[in-house]
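Okay, so here's the structure we're looking at.
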Amino acid sequence: MSSRHAAPNSTGEPVNGEARVVLGAADARPDWSPTALRHPLLQPTAAPANAPANAPGRDGHGPNGAPPRGTNGGAPANGVTPVADPEVARVLKRQVAAELHEQLALLDDQRGTAADPATRRQRGRALIEDAVARWSDAYALTHGMAPTRAQDRALAEAVYNLLFRAGRLQPYLDDPDIENILINGCDDVWISRVHQPMRQVPPVADSDEELIELLQDLARRHGGGERSLSTSSPTLALRLEDGMRLQAMTGVTPRPYVAIRRHRVASATLGDMVALGTIDSTLAAFLAAAIRARKNVMITGTQGVGKTSLLRAMAGEIPRDERVGTLESEYELWLHTLGHLRQVVPMEAREGNGERVDGRSAGELTIGELIPAALRMTLTRIIVGEVRSAEVVPMLRVMTNGEGGSMCTLHARTPHMVIDRIAELCLEYGSQMTDTLAYRLTANALDFVVHVTMLDETPIGGRRHRFVSHVLEVVGMGESGRPALNTVFGPVGPELRAVPQTPPACLDDLRRVGFDARALGSPTGSWSKPLDLRIQAGGAW
């Protein structure tokens, strides 16, 4: 038997510089063989009712440790999907990674350029198939029973997910109905699906160390600058391939914690927002006119209510040939890929490398620092995905000094907290900033605040309702030294969604771009029926 079929050492690292395949033979490696002999290479298992169809079982094995079934030419027996042993997949992943690194290094030397991602994946897939075939042959010799083709394919897919995707987390990322994935250590994983309460699902790793290794792999493949997760960099924020946003913490928490959010409405228009019940057609026409009239808009609300989706939909009303810049900590708007706008300059902030120089992380580039460069790109509008800190000041200055039509989002619990929330962030800009200056900046910069609300009735068998509840017009400084607000749209009586209240002071500007002011005359907007709530206003069912 060749040396490449020897098992790895107890740490899982290559022996003598060479990555090797595990056999699972008891006399080959005592520290590996108990696991390999206790259960076969793959165990068929039915996925839990609350997990994706291709998710592993709670411990990665079949029910009660049952041996493989189904030798009918590779098809799963009794419709049961085979699931790869995660420990075997990890070993093969390390072997293939080492071999792929060697091949790509030679290829890069020959071409003089680095291999593109498609080439990496193609070569990796071929190496995975070869490694799984060798493992399967060796396993058959050792155990007297060959895995089926379906089991080989499941193992190959598990290795591919570890090497190029998100490992055992991938099935949850592939499920379009999952909105949030919360990980409180490797074995405490929760998901929320559309209009369903949060529920616990199987682990995504066998240990916290393995979970951290997975997160580090994702950071290395991020491609958006230096991002890592370690004791020197205990937090990690990045975008995943399908646009999901990941935030992780370790070192400052007792276990690694991860939160992943999906934007389920990736390319929505204002018409789609109407169909989803976020706004009615009256408000859709009003918001479209505000964009065409180059009004500066801030979209507010709590986390997960749909601010980014609404911002993306409103950006669809920007004239096609305008040159627009987007600034984000992680790409979430994707205006440069959706195709509506012909000229988009997407900018993404860069995290530091963990080293501190003059009190800040070396290599860090914040959204606030990107704004001055963005202003030199001959942009007609600037859109900031989310204002979180002192970058609110340069953003407000852009809105004040530019041609208008810029947009951003901001976290705020209620619409009437927005002004004070902006002032709080302005004070982070420096000692020269005061409440008075922050209020004046806000009054001069903003035209409209659009507030999105979510009512979650899933705990009582209902739905999650996401809708715009207020549109406030900022009409200069008020007598109290604070920006004056005019409620253009807001809730009335039992109707919690935004309906017309007071015509905006800038109504003539909206009429010049085609808005029909008569639409504001309906006290219930264009909602066809009341919001379908389990608990209505006043406590009635």
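If you're wondering about the labels, chains in the structure tokens are A, B, ... by order shown, residues count from 1 in each chain, ligands from 1 in order shown.
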> Near stretch 285-301 of chain A, counting only C-alpha atoms, which residues have an atom at most 6 Å away, once you skip same-chain residues fewer than 3 positions from it, shown as a PyMOL selection string?
Replying inline: chain A and resi 282+317+404-413+446-452+510+515
> For A:Gln343, which of A:Asp272, A:Asp85, A:Asp208, A:Glu322 is the closest residue, counting only C-alpha atoms?
Replying inline: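 Ranked by minimum distance to A:Gln343, first place goes to A:Glu322.
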Contacts between stretch 91-99 of chain A and stretch 175-291 of chain A, please, where a residue of stretch 175-291 of chain A counts if it comes within 12 Å (with only C-alpha atoms); show its shortest atom pair and distance in Å to one decimal, rows by chain and ascending number, as a tab-separated table.
residue	atom	partner	partner_atom	distance
A:Glu213	CA	A:Arg94	CA	11.8
A:Leu214	CA	A:Lys93	CA	11.7
A:Asp217	CA	A:Ala97	CA	11.5
Export, as a PDB file, in the first residue's frame, the selected residues with N, CA, C and O atoms.
ATOM      1  N   GLU A 213     -12.320  27.144  12.639  1.00  0.00           N
ATOM      2  CA  GLU A 213     -11.582  26.834  11.410  1.00  0.00           C
ATOM      3  C   GLU A 213     -12.449  27.110  10.177  1.00  0.00           C
ATOM      4  O   GLU A 213     -11.970  27.654   9.177  1.00  0.00           O
ATOM      5  N   LEU A 214     -13.731  26.750  10.245  1.00  0.00           N
ATOM      6  CA  LEU A 214     -14.644  27.019   9.145  1.00  0.00           C
ATOM      7  C   LEU A 214     -14.771  28.522   8.904  1.00  0.00           C
ATOM      8  O   LEU A 214     -14.713  28.992   7.755  1.00  0.00           O
ATOM      9  N   ASP A 217     -11.696  29.844   7.245  1.00  0.00           N
ATOM     10  CA  ASP A 217     -11.685  29.506   5.817  1.00  0.00           C
ATOM     11  C   ASP A 217     -12.569  30.467   5.030  1.00  0.00           C
ATOM     12  O   ASP A 217     -12.202  30.930   3.936  1.00  0.00           O
TER      13      ASP A 217
END
> In Å to one decimal, how far is atom CA of A:Arg123 from atom CA of A:Leu107?
Replying inline: 10.9 Å
> In terms of the shortest atom-to-atom distance over only C-alpha atoms, which of A:Asp456, A:Asp177, A:Glu348, A:Glu129 is closest to A:Ile191?
Replying inline: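 The closest residue to A:Ile191 is A:Asp177.
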>> Just want the 7 Å neighbourhood of A:Ile260, counted on only C-alpha atoms, with same-chain residues fewer than 2 positions away dropped. Output as JSON, numbers by chain.
In response: {"A": [180, 181, 182, 244, 245, 246, 247, 258, 262]}
> How many Å separate atom CA of A:Arg199 from atom CA of A:Gly461?
Replying inline: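 Computing it gives 14.1 Å between the two atoms.
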>> Just to confirm, what's the straight-line distance from atom CA of A:Gly185 to atom CA of A:Ile212 in Å (one decimal)?
In response: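 About the pair atom CA of A:Gly185 and atom CA of A:Ile212: they are 9.5 Å apart.
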Can you list, as a PDB file with N, CA, C and O atoms, in the first residue's frame, every protein, DNA or RNA residue that comes within 8 Å of A:Leu531 when you count only C-alpha atoms, leaving out same-chain residues fewer than 2 positions away?
ATOM      1  N   GLU A 495     -55.325  51.144  11.665  1.00  0.00           N
ATOM      2  CA  GLU A 495     -54.433  50.879  10.544  1.00  0.00           C
ATOM      3  C   GLU A 495     -53.011  51.293  10.924  1.00  0.00           C
ATOM      4  O   GLU A 495     -52.705  52.477  11.096  1.00  0.00           O
ATOM      5  N   LEU A 496     -52.141  50.282  11.093  1.00  0.00           N
ATOM      6  CA  LEU A 496     -50.773  50.535  11.548  1.00  0.00           C
ATOM      7  C   LEU A 496     -49.827  50.866  10.406  1.00  0.00           C
ATOM      8  O   LEU A 496     -48.717  51.350  10.642  1.00  0.00           O
ATOM      9  N   ARG A 497     -50.246  50.612   9.174  1.00  0.00           N
ATOM     10  CA  ARG A 497     -49.395  50.901   8.033  1.00  0.00           C
ATOM     11  C   ARG A 497     -49.521  52.369   7.626  1.00  0.00           C
ATOM     12  O   ARG A 497     -50.483  53.057   7.982  1.00  0.00           O
ATOM     13  N   LYS A 529     -57.538  46.016   2.053  1.00  0.00           N
ATOM     14  CA  LYS A 529     -58.155  45.476   3.262  1.00  0.00           C
ATOM     15  C   LYS A 529     -57.239  45.736   4.445  1.00  0.00           C
ATOM     16  O   LYS A 529     -56.044  46.017   4.267  1.00  0.00           O
ATOM     17  N   LEU A 533     -53.964  40.789  11.206  1.00  0.00           N
ATOM     18  CA  LEU A 533     -53.291  40.569  12.479  1.00  0.00           C
ATOM     19  C   LEU A 533     -54.085  39.606  13.353  1.00  0.00           C
ATOM     20  O   LEU A 533     -55.326  39.623  13.352  1.00  0.00           O
TER      21      LEU A 533
END
> Any idea what's packed within 9 Å of A:Val252, counting only C-alpha atoms, ignoring anything in its chain fewer than 4 positions away? Could you give it as a PyMOL selection string?
Replying inline: chain A and resi 231+234-235+256
Using C-alpha atoms, can you export the residues from the last selection as a PDB file, in the first residue's frame?
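Contents of the output file result31.pdb:
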ATOM      1  CA  THR A 231      -7.417  36.329  19.371  1.00  0.00           C
ATOM      2  CA  PRO A 234     -11.947  38.638  17.758  1.00  0.00           C
ATOM      3  CA  THR A 235     -14.734  39.872  15.457  1.00  0.00           C
ATOM      4  CA  PRO A 256     -17.736  31.325  19.109  1.00  0.00           C
TER       5      PRO A 256
END
>> Please list as a PyMOL selection string every residue within 12 Å of stretch 418-435 of chain A, counting only C-alpha atoms and excluding residues in the same chain fewer than 2 positions away.
In response: chain A and resi 298-302+368+387-397+409-416+437-443+445-446+448-451+470-474+477+481-485
> Using the chain letters and numbers from this document, which residues of stretch 133-306 of chain A does DSSP assign to alpha helix (DSSP H), as a ChimeraX atom specification?
Replying inline: /A:133-143,149-164,170-174,208-220,270-276,281-292
> From the list A:Ala114, A:Val475, A:Leu104, A:Val88, which residue is nearest A:Val159 when using only C-alpha atoms?
Replying inline: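 So, comparing all the options, the nearest one is A:Val88.
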> So, counting only C-alpha atoms, which residue among A:Thr400, A:Ser230, A:Gln216, A:Ser528 is closest to A:Ala166?
Replying inline: A:Gln216
>> Considering only strand (DSSP E) as DSSP defines it on the backbone, what residues of stretch 436-492 of chain A qualify? List them as a ChimeraX atom specification.
In response: /A:448-456,464-477,483-492
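With distances restricted to only C-alpha atoms, A:Met198 is the closest residue to A:Ile178 from A:Ile128, A:Leu365, A:Met198, A:Leu162.
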